[in-house]
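One file, protein-v4.pdb, is given below (PDB, C-alpha atoms).
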```
ATOM      1  CA  MET J   1      -8.992 -15.876  13.449
ATOM      2  CA  SER J   2     -12.089 -14.324  11.982
ATOM      3  CA  SER J   3     -10.266 -12.986   8.941
ATOM      4  CA  ILE J   4      -9.627 -16.434   7.516
ATOM      5  CA  GLU J   5     -11.817 -18.881   9.366
ATOM      6  CA  ASN J   6     -15.333 -19.945   8.477
ATOM      7  CA  ASN J   7     -17.802 -22.338  10.013
ATOM      8  CA  ASP J   8     -17.102 -25.343   7.820
ATOM      9  CA  ASN J   9     -13.393 -24.645   7.224
ATOM     10  CA  ASN J  10     -13.743 -24.533   3.447
ATOM     11  CA  ASN J  11     -11.818 -21.339   2.754
ATOM     12  CA  ASN J  12      -8.037 -21.617   2.527
ATOM     13  CA  ALA J  13      -5.393 -19.107   3.566
ATOM     14  CA  VAL J  14      -1.669 -18.901   2.863
ATOM     15  CA  ASP J  15       0.475 -16.747   5.160
ATOM     16  CA  ALA J  16       4.190 -15.922   4.838
ATOM     17  CA  GLY J  17       4.872 -16.759   8.496
ATOM     18  CA  SER J  18       8.282 -15.825   9.828
ATOM     19  CA  THR J  19       8.403 -17.078  13.397
ATOM     20  CA  ASP J  20       8.976 -20.448  14.951
ATOM     21  CA  GLU J  21       6.198 -19.616  17.408
ATOM     22  CA  ALA J  22       3.702 -19.409  14.542
ATOM     23  CA  GLU J  23       4.646 -22.904  13.423
ATOM     24  CA  ASP J  24       4.145 -24.258  16.955
ATOM     25  CA  GLU J  25       0.634 -22.823  17.241
ATOM     26  CA  GLU J  26      -2.325 -24.915  16.155
ATOM     27  CA  TYR J  27      -4.436 -23.354  13.438
ATOM     28  CA  PRO J  28      -7.281 -24.751  11.327
ATOM     29  CA  LYS J  29      -6.233 -27.199   8.637
ATOM     30  CA  ASN J  30      -7.182 -24.677   5.970
ATOM     31  CA  VAL J  31      -4.501 -22.232   7.171
ATOM     32  CA  TYR J  32      -1.103 -22.821   5.579
ATOM     33  CA  ILE J  33       1.792 -20.969   7.193
ATOM     34  CA  MET J  34       5.032 -21.066   5.254
ATOM     35  CA  LYS J  35       7.806 -22.834   7.137
ATOM     36  CA  SER J  36      10.252 -20.390   8.680
ATOM     37  CA  ASN J  37      13.777 -20.372   7.267
ATOM     38  CA  ASN J  38      16.682 -17.925   7.174
ATOM     39  CA  GLN J  39      15.561 -16.383   3.875
ATOM     40  CA  LEU J  40      12.014 -15.681   5.081
ATOM     41  CA  ARG J  41      13.306 -14.401   8.400
ATOM     42  CA  GLU J  42      15.646 -11.969   6.644
ATOM     43  CA  LEU J  43      12.887 -10.685   4.353
ATOM     44  CA  HIS J  44      10.583 -10.101   7.334
ATOM     45  CA  THR J  45      13.428  -8.302   9.115
ATOM     46  CA  LEU J  46      14.152  -5.990   6.183
ATOM     47  CA  LEU J  47      10.475  -5.184   5.632
ATOM     48  CA  ARG J  48       9.988  -4.303   9.306
ATOM     49  CA  ASP J  49      13.201  -2.246   9.618
ATOM     50  CA  ARG J  50      12.391   1.469   9.673
ATOM     51  CA  THR J  51      15.754   2.267   8.044
ATOM     52  CA  THR J  52      14.963   0.276   4.873
ATOM     53  CA  CYS J  53      14.607   2.743   1.975
ATOM     54  CA  ARG J  54      11.595   2.482  -0.315
ATOM     55  CA  SER J  55      13.430   1.025  -3.318
ATOM     56  CA  ASP J  56      14.917  -1.740  -1.156
ATOM     57  CA  PHE J  57      11.576  -2.232   0.601
ATOM     58  CA  LYS J  58       9.784  -2.764  -2.706
ATOM     59  CA  PHE J  59      12.501  -5.162  -3.932
ATOM     60  CA  TYR J  60      12.328  -7.312  -0.776
ATOM     61  CA  ALA J  61       8.519  -7.119  -0.687
ATOM     62  CA  ASP J  62       8.341  -8.422  -4.251
ATOM     63  CA  ARG J  63      10.632 -11.311  -3.282
ATOM     64  CA  LEU J  64       8.418 -12.250  -0.331
ATOM     65  CA  ILE J  65       5.280 -11.883  -2.441
ATOM     66  CA  ARG J  66       6.716 -14.205  -5.101
ATOM     67  CA  LEU J  67       7.566 -16.870  -2.516
ATOM     68  CA  THR J  68       4.101 -16.622  -0.965
ATOM     69  CA  VAL J  69       2.348 -16.771  -4.338
ATOM     70  CA  GLU J  70       4.336 -19.885  -5.247
ATOM     71  CA  ALA J  71       3.176 -21.522  -2.013
ATOM     72  CA  ALA J  72      -0.432 -20.537  -2.720
ATOM     73  CA  LEU J  73      -0.330 -21.956  -6.254
ATOM     74  CA  ASP J  74       0.544 -25.323  -4.734
ATOM     75  CA  GLN J  75      -2.884 -25.290  -3.042
ATOM     76  CA  LEU J  76      -4.740 -25.179  -6.390
ATOM     77  CA  PRO J  77      -6.108 -28.364  -7.977
ATOM     78  CA  TYR J  78      -3.898 -30.116 -10.526
ATOM     79  CA  ILE J  79      -4.812 -32.746 -13.094
ATOM     80  CA  PRO J  80      -2.602 -35.547 -14.484
ATOM     81  CA  CYS J  81      -1.285 -35.152 -18.012
ATOM     82  CA  GLU J  82       0.984 -37.050 -20.400
ATOM     83  CA  ILE J  83       3.512 -35.190 -22.546
ATOM     84  CA  ILE J  84       6.265 -36.098 -24.983
ATOM     85  CA  THR J  85       9.752 -34.704 -24.299
ATOM     86  CA  PRO J  86      12.039 -33.271 -27.058
ATOM     87  CA  THR J  87      13.866 -36.608 -27.054
ATOM     88  CA  GLY J  88      10.623 -38.470 -27.775
ATOM     89  CA  HIS J  89      10.083 -39.909 -24.310
ATOM     90  CA  SER J  90       6.744 -39.986 -22.500
ATOM     91  CA  PHE J  91       6.453 -38.116 -19.195
ATOM     92  CA  SER J  92       3.594 -38.316 -16.701
ATOM     93  CA  GLY J  93       3.141 -34.851 -15.229
ATOM     94  CA  LEU J  94       0.598 -32.392 -13.864
ATOM     95  CA  ARG J  95      -1.176 -29.267 -15.087
ATOM     96  CA  HIS J  96      -3.195 -26.944 -12.924
ATOM     97  CA  GLU J  97      -6.824 -26.526 -13.915
ATOM     98  CA  LYS J  98      -7.412 -23.446 -16.064
ATOM     99  CA  GLY J  99      -9.709 -20.620 -15.053
ATOM    100  CA  THR J 100      -8.019 -19.307 -11.904
ATOM    101  CA  LEU J 101      -8.930 -15.714 -11.033
ATOM    102  CA  CYS J 102      -7.027 -13.243  -8.859
ATOM    103  CA  VAL J 103      -9.131 -10.813  -6.834
ATOM    104  CA  SER J 104      -7.195  -7.850  -5.420
ATOM    105  CA  LEU J 105      -8.608  -6.113  -2.371
ATOM    106  CA  MET J 106      -7.580  -2.565  -3.255
ATOM    107  CA  ARG J 107      -5.303  -0.835  -2.799
ATOM    108  CA  SER J 108      -2.699  -2.841  -0.925
ATOM    109  CA  GLY J 109      -3.787  -6.108  -2.564
ATOM    110  CA  GLU J 110      -2.602  -4.694  -5.899
ATOM    111  CA  ALA J 111       0.988  -4.862  -4.613
ATOM    112  CA  MET J 112       0.786  -8.648  -5.014
ATOM    113  CA  GLU J 113      -0.378  -8.624  -8.639
ATOM    114  CA  LYS J 114       3.139  -8.362 -10.076
ATOM    115  CA  GLY J 115       4.291 -11.522  -8.299
ATOM    116  CA  LEU J 116       1.161 -13.341  -9.375
ATOM    117  CA  ARG J 117       1.559 -12.351 -13.026
ATOM    118  CA  GLU J 118       5.183 -13.489 -12.945
ATOM    119  CA  CYS J 119       3.938 -16.948 -11.989
ATOM    120  CA  CYS J 120       0.713 -16.985 -14.032
ATOM    121  CA  ARG J 121       1.125 -14.837 -17.137
ATOM    122  CA  SER J 122      -2.434 -14.945 -18.421
ATOM    123  CA  ILE J 123      -4.320 -14.885 -15.113
ATOM    124  CA  ARG J 124      -7.348 -12.596 -15.026
ATOM    125  CA  ILE J 125      -7.494 -10.034 -12.236
ATOM    126  CA  GLY J 126     -10.613  -8.619 -10.611
ATOM    127  CA  LYS J 127     -10.805  -5.711  -8.165
ATOM    128  CA  ILE J 128     -12.765  -4.960  -5.017
ATOM    129  CA  LEU J 129     -12.430  -1.598  -3.242
ATOM    130  CA  ILE J 130     -13.632  -1.447   0.363
ATOM    131  CA  ASN J 131     -13.620   1.589   2.646
ATOM    132  CA  ASP J 132     -14.807   1.526   6.266
ATOM    133  CA  GLY J 133     -16.612  -1.748   5.708
ATOM    134  CA  GLN J 134     -18.463  -0.488   2.623
ATOM    135  CA  VAL J 135     -17.951  -1.863  -0.881
ATOM    136  CA  ILE J 136     -17.131   1.134  -3.079
ATOM    137  CA  TYR J 137     -16.239  -0.729  -6.264
ATOM    138  CA  ALA J 138     -16.244  -4.298  -7.531
ATOM    139  CA  LYS J 139     -15.252  -5.393 -11.031
ATOM    140  CA  LEU J 140     -15.180  -9.161 -11.534
ATOM    141  CA  PRO J 141     -15.860 -11.481 -14.489
ATOM    142  CA  ALA J 142     -19.403 -12.749 -14.894
ATOM    143  CA  ASP J 143     -18.202 -16.345 -14.510
ATOM    144  CA  THR J 144     -16.391 -15.672 -11.208
ATOM    145  CA  HIS J 145     -18.515 -18.319  -9.477
ATOM    146  CA  ARG J 146     -17.063 -21.016 -11.756
ATOM    147  CA  ARG J 147     -13.436 -20.185 -11.020
ATOM    148  CA  HIS J 148     -10.838 -20.932  -8.372
ATOM    149  CA  ILE J 149     -10.055 -17.595  -6.751
ATOM    150  CA  LEU J 150      -6.842 -16.214  -5.257
ATOM    151  CA  VAL J 151      -7.664 -13.247  -3.013
ATOM    152  CA  THR J 152      -4.672 -10.968  -2.378
ATOM    153  CA  TYR J 153      -4.308  -8.753   0.686
ATOM    154  CA  PRO J 154      -0.829  -8.385   2.234
ATOM    155  CA  VAL J 155      -1.558  -7.343   5.835
ATOM    156  CA  ILE J 156      -4.477  -8.611   7.926
ATOM    157  CA  THR J 157      -5.058  -7.189  11.409
ATOM    158  CA  THR J 158      -8.752  -6.876  12.290
ATOM    159  CA  GLY J 159      -9.763  -8.815   9.183
ATOM    160  CA  SER J 160     -12.719  -6.526   8.443
ATOM    161  CA  THR J 161     -11.665  -5.720   4.862
ATOM    162  CA  VAL J 162     -11.052  -9.377   4.035
ATOM    163  CA  ILE J 163     -14.353 -10.471   5.574
ATOM    164  CA  THR J 164     -16.235  -7.879   3.511
ATOM    165  CA  GLY J 165     -14.388  -8.940   0.356
ATOM    166  CA  LEU J 166     -15.201 -12.600   0.963
ATOM    167  CA  GLU J 167     -18.858 -11.713   1.534
ATOM    168  CA  VAL J 168     -18.933 -10.055  -1.897
ATOM    169  CA  LEU J 169     -17.611 -13.258  -3.483
ATOM    170  CA  LEU J 170     -19.873 -15.585  -1.518
ATOM    171  CA  LYS J 171     -23.113 -13.607  -1.572
ATOM    172  CA  ASP J 172     -22.993 -11.356  -4.633
ATOM    173  CA  TYR J 173     -21.151 -13.739  -6.956
ATOM    174  CA  GLN J 174     -22.254 -17.074  -5.448
ATOM    175  CA  CYS J 175     -18.701 -18.416  -5.240
ATOM    176  CA  LYS J 176     -17.925 -21.635  -3.397
ATOM    177  CA  GLN J 177     -15.938 -21.220  -0.193
ATOM    178  CA  SER J 178     -13.835 -24.228  -1.125
ATOM    179  CA  ASN J 179     -12.696 -22.427  -4.307
ATOM    180  CA  ILE J 180     -11.282 -19.398  -2.484
ATOM    181  CA  ILE J 181      -7.665 -19.085  -1.361
ATOM    182  CA  LEU J 182      -6.602 -15.995   0.590
ATOM    183  CA  ILE J 183      -2.951 -14.993   0.109
ATOM    184  CA  THR J 184      -1.442 -12.735   2.768
ATOM    185  CA  LEU J 185       2.056 -11.840   3.905
ATOM    186  CA  PHE J 186       1.328 -10.837   7.495
ATOM    187  CA  SER J 187      -1.761 -11.808   9.459
ATOM    188  CA  THR J 188      -3.031 -11.875  13.007
ATOM    189  CA  PRO J 189      -5.227 -14.114  15.020
ATOM    190  CA  ASP J 190      -3.758 -11.969  17.580
ATOM    191  CA  GLU J 191      -1.000 -12.290  15.521
ATOM    192  CA  ILE J 192       0.466 -15.156  13.547
ATOM    193  CA  SER J 193       3.641 -13.201  12.903
ATOM    194  CA  GLY J 194       4.044 -10.805  15.805
ATOM    195  CA  ILE J 195       3.482  -7.100  15.191
ATOM    196  CA  ALA J 196       1.975  -6.591  11.750
ATOM    197  CA  PRO J 197       3.777  -4.014   9.555
ATOM    198  CA  ASN J 198       0.785  -1.776   8.909
ATOM    199  CA  HIS J 199       3.023   0.598   6.948
ATOM    200  CA  PHE J 200       3.363  -1.991   4.152
ATOM    201  CA  GLY J 201       0.924  -0.543   1.593
ATOM    202  CA  GLN J 202       1.978   3.069   2.100
ATOM    203  CA  LYS J 203       5.676   2.302   1.798
ATOM    204  CA  TYR J 204       5.248  -0.053  -1.155
ATOM    205  CA  PHE J 205       3.329   2.563  -3.168
ATOM    206  CA  GLY J 206       5.396   5.494  -1.890
ATOM    207  CA  THR J 207       2.572   7.242  -0.055
ATOM    208  CA  ASP J 208       4.107   7.115   3.426
TER     209      ASP J 208
END
```
Output the structure of this file as structure tokens.
Amino acid sequence: MSSIENNDNNNNAVDAGSTDEAEDEEYPKNVYIMKSNNQLRELHTLLRDRTTCRSDFKFYADRLIRLTVEAALDQLPYIPCEIITPTGHSFSGLRHEKGTLCVSLMRSGEAMEKGLRECCRSIRIGKILINDGQVIYAKLPADTHRRHILVTYPVITTGSTVITGLEVLLKDYQCKQSNIILITLFSTPDEISGIAPNHFGQKYFGTD
């Protein structure tokens, strides 16, 4: 699975898997496939159905994106904290470490920004545009190498775009592999979730 593997297994990937077969397969420990349930199965069905109109497609896509983002946020580091409740009681809880950055691999990766902002209101978002294996545009904060990074790209088939995007982060911005989490809805080794819906980006943005 070249799109999400690396030699020392430090990168992480979260995939919105929809099949029982995907759960039975053995993948590297840094690949987290969401457990299949009726809700996920229905969302995958609706997004793959050619009769689904665009407005419904976007609604169901946003639901799946939100669920996948929530799963990815659980992979970030959290630190213990102590708070006082409105009734004056002490509560031992957790807070995630500040400084997380989203990096959208344009254009389809931008479809996942809404779901991410709904979960993390103040998260910064960087952009990388790749065409035919060439980096056309990259706009990221100067302190990217100090941050935990959520890379968004909804459909992975060959993995070439993701690999190029990760190379930008690792080589140009000196990011740590262990700080990078790739969030995807559909991905293939040869495929985690059957036939990938390559129409996703076009239908989501209305360019199909």
**Q.** Among the residues J:Arg66, J:Ile163, J:Gly88, J:Ser104, the one that comes closest to J:Cys120 [using only C-alpha atoms]
**A.**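 Closest candidate: J:Arg66.
Considering the residues J:Ala138, J:Ala71, J:Cys53, J:Val103 and counting all atoms listed in the file, J:Ile123 has its shortest atom-to-atom contact with J:Val103.
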Q | Atomic separation - atom CA of J:Thr188 relative to atom CA of J:Tyr27, Å | A |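 The value is 11.6 Å.
This file, filtered with the PyMOL selection byres ((chain J and resi 134) around 12), gives the residues J:Ile128, J:Leu129, J:Ile130, J:Asn131, J:Asp132, J:Gly133, J:Val135, J:Ile136, J:Tyr137, J:Ala138, J:Ser160, J:Thr161, J:Val162, J:Ile163, J:Thr164, J:Gly165, J:Glu167, J:Val168.
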Q. Which value, in Å to one decimal, gives the distance between atom CA of J:Asn12 and atom CA of J:Met34?
A.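 Interatomic distance, atom CA of J:Asn12 to atom CA of J:Met34: 13.4 Å.
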**Q.** Counting only C-alpha atoms, the option among J:Arg54, J:Arg124, J:Arg48, J:Lys35 closest to J:Thr100
**A.** J:Arg124
Q.
Please compute the atom CA of J:Asn198-atom CA of J:Ala72 distance, one decimal, in Å.
A.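 Between atom CA of J:Asn198 and atom CA of J:Ala72 the gap works out to 22.1 Å.
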Could you expand the PyMOL selection byres ((chain J and resi 69) around 8) into the explicit residues it covers here, written as a PDB file with C-alpha atoms, in the coordinates of the input?
```pdb
ATOM      1  CA  ILE J  65       5.280 -11.883  -2.441  1.00  0.00           C
ATOM      2  CA  ARG J  66       6.716 -14.205  -5.101  1.00  0.00           C
ATOM      3  CA  LEU J  67       7.566 -16.870  -2.516  1.00  0.00           C
ATOM      4  CA  THR J  68       4.101 -16.622  -0.965  1.00  0.00           C
ATOM      5  CA  GLU J  70       4.336 -19.885  -5.247  1.00  0.00           C
ATOM      6  CA  ALA J  71       3.176 -21.522  -2.013  1.00  0.00           C
ATOM      7  CA  ALA J  72      -0.432 -20.537  -2.720  1.00  0.00           C
ATOM      8  CA  LEU J  73      -0.330 -21.956  -6.254  1.00  0.00           C
ATOM      9  CA  GLY J 115       4.291 -11.522  -8.299  1.00  0.00           C
ATOM     10  CA  LEU J 116       1.161 -13.341  -9.375  1.00  0.00           C
ATOM     11  CA  CYS J 119       3.938 -16.948 -11.989  1.00  0.00           C
ATOM     12  CA  ILE J 183      -2.951 -14.993   0.109  1.00  0.00           C
TER      13      ILE J 183
END
```
Q: Taking the file above as input, evaluate the PyMOL selection byres ((chain J and resi 208) around 12) and report the hits as a list of chain:residue names.
A: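 When the PyMOL selection byres ((chain J and resi 208) around 12) is applied, the selected residues are J:Arg50, J:Cys53, J:Arg54, J:Asn198, J:His199, J:Phe200, J:Gly201, J:Gln202, J:Lys203, J:Tyr204, J:Phe205, J:Gly206, J:Thr207.
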Q.
Please list as a list in words every residue within 8 Å of J:Val31, counting only C-alpha atoms and excluding residues in the same chain fewer than 3 positions away.
A.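 The filter keeps Ile4, Asn12, Ala13, Val14, Asp15, Tyr27 and Pro28 of chain J.
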